[in-house]
Amino acid sequence: MDSENEMRMLFVIDTKNYDRNGTTVSRPSARGIIIKDGKAAMIHSLKYDYYKFPGGGIEKTEDKKTALIREVQEETGLTVIPETIKAYGMVHRIQKGDYEDVFIQDNYYYLCDVKDEITAQKLDDYEKDERFTLEYVTPQQIIDTNRRCVSQEADQIMIAREIRMLEILQEEGYF
């Protein structure tokens with residue numbers, strides 16, 4: 001169930017603003033969908049005021065589920081219960097990169113449960129700068145906040161991706 005071939009494609013984000021023959025960087029990621037009492041566990045960037053699902057890059061030495069568990073713990077302090085992890089779907093993103101001609105990111109989303117206790121976050125420098133904070137938020141609050149975020153410094157494509165993910169989750173009855 002974890003293979004790329006078996007994870008359903010939810011949608012594609014293709015900005016078409018890149019040189020197909022140029023340098024390419026691929027950075028796959030694993031992201032957790034954690035729902036409790038009708039709210040999603042989200043990372044709130046206090047600096048730019050947007051929400052994102054917890055998760056991040058898959059290291060070369062990791063499988064997707066190992067990356068999911070590590071990234072959720074680092075960003076939120078929550079501990080994923082491994083046996084609850086279920087593949088949800090994938091979002092393919094392709095655009096001009098900051099330093100490369102083509103940036104490709106396959107975002108693998110997983111439904112999962114977490115333990116009740118919360119440990120300390122282990123944030124990267126940019127995450128500390130953005131003041132990443134764990135919050136349980138209703139889908140509508142997330143969507144409304146993300147639609148208001150117009151900061152040039154914030155990743156608008158990622159913000160739009162998270163809005164669409166929440167809309168799909170709502171359409172499929174998860175909230």
# chains A, B, ... in the order shown; residues from 1 in each chain; ligands from 1
call {"tool": "residues_around", "arguments": {"residues": "A:Phe103", "least_positions_apart": "5", "cutoff": "12 Å", "atoms": "only C-alpha atoms", "output": "VMD selection string"}}
result
chain A and resid 13 to 20 22 to 28 92 to 98
call {"tool": "residues_around", "arguments": {"residues": "stretch 82-90 of chain A", "least_positions_apart": "6", "cutoff": "9 Å", "atoms": "only C-alpha atoms", "output": "number ranges by chain"}}
result
A: 1-2, 4, 6-12, 32-33, 65-66, 69, 106-114
call {"tool": "select_by_dssp", "arguments": {"residues": "stretch 61-90 of chain A", "states": "alpha helix (DSSP H)", "output": "PyMOL selection string"}}
result
chain A and resi 64-76
call {"tool": "closest_residue", "arguments": {"among": "A:Thr145, A:Gln73, A:Gln152, A:Thr79", "to": "A:Asp49", "atoms": "only C-alpha atoms"}}
result
A:Thr145
call {"tool": "residues_around", "arguments": {"residues": "stretch 164-167 of chain A", "least_positions_apart": "4", "cutoff": "8 Å", "atoms": "only C-alpha atoms", "output": "list in words"}}
result
Pro139, Ile143, Ala160 and Glu171 of chain A
call {"tool": "write_last_selection", "arguments": {"atoms": "C-alpha atoms", "output": "PDB file, in the first residue's frame"}}
result
ATOM      1  CA  PRO A 139     -10.687  22.955   8.340  1.00  0.00           C
ATOM      2  CA  ILE A 143      -8.717  27.522   4.741  1.00  0.00           C
ATOM      3  CA  ALA A 160      -2.783  26.617  -2.034  1.00  0.00           C
ATOM      4  CA  GLU A 171     -15.545  16.325   0.481  1.00  0.00           C
TER       5      GLU A 171
END
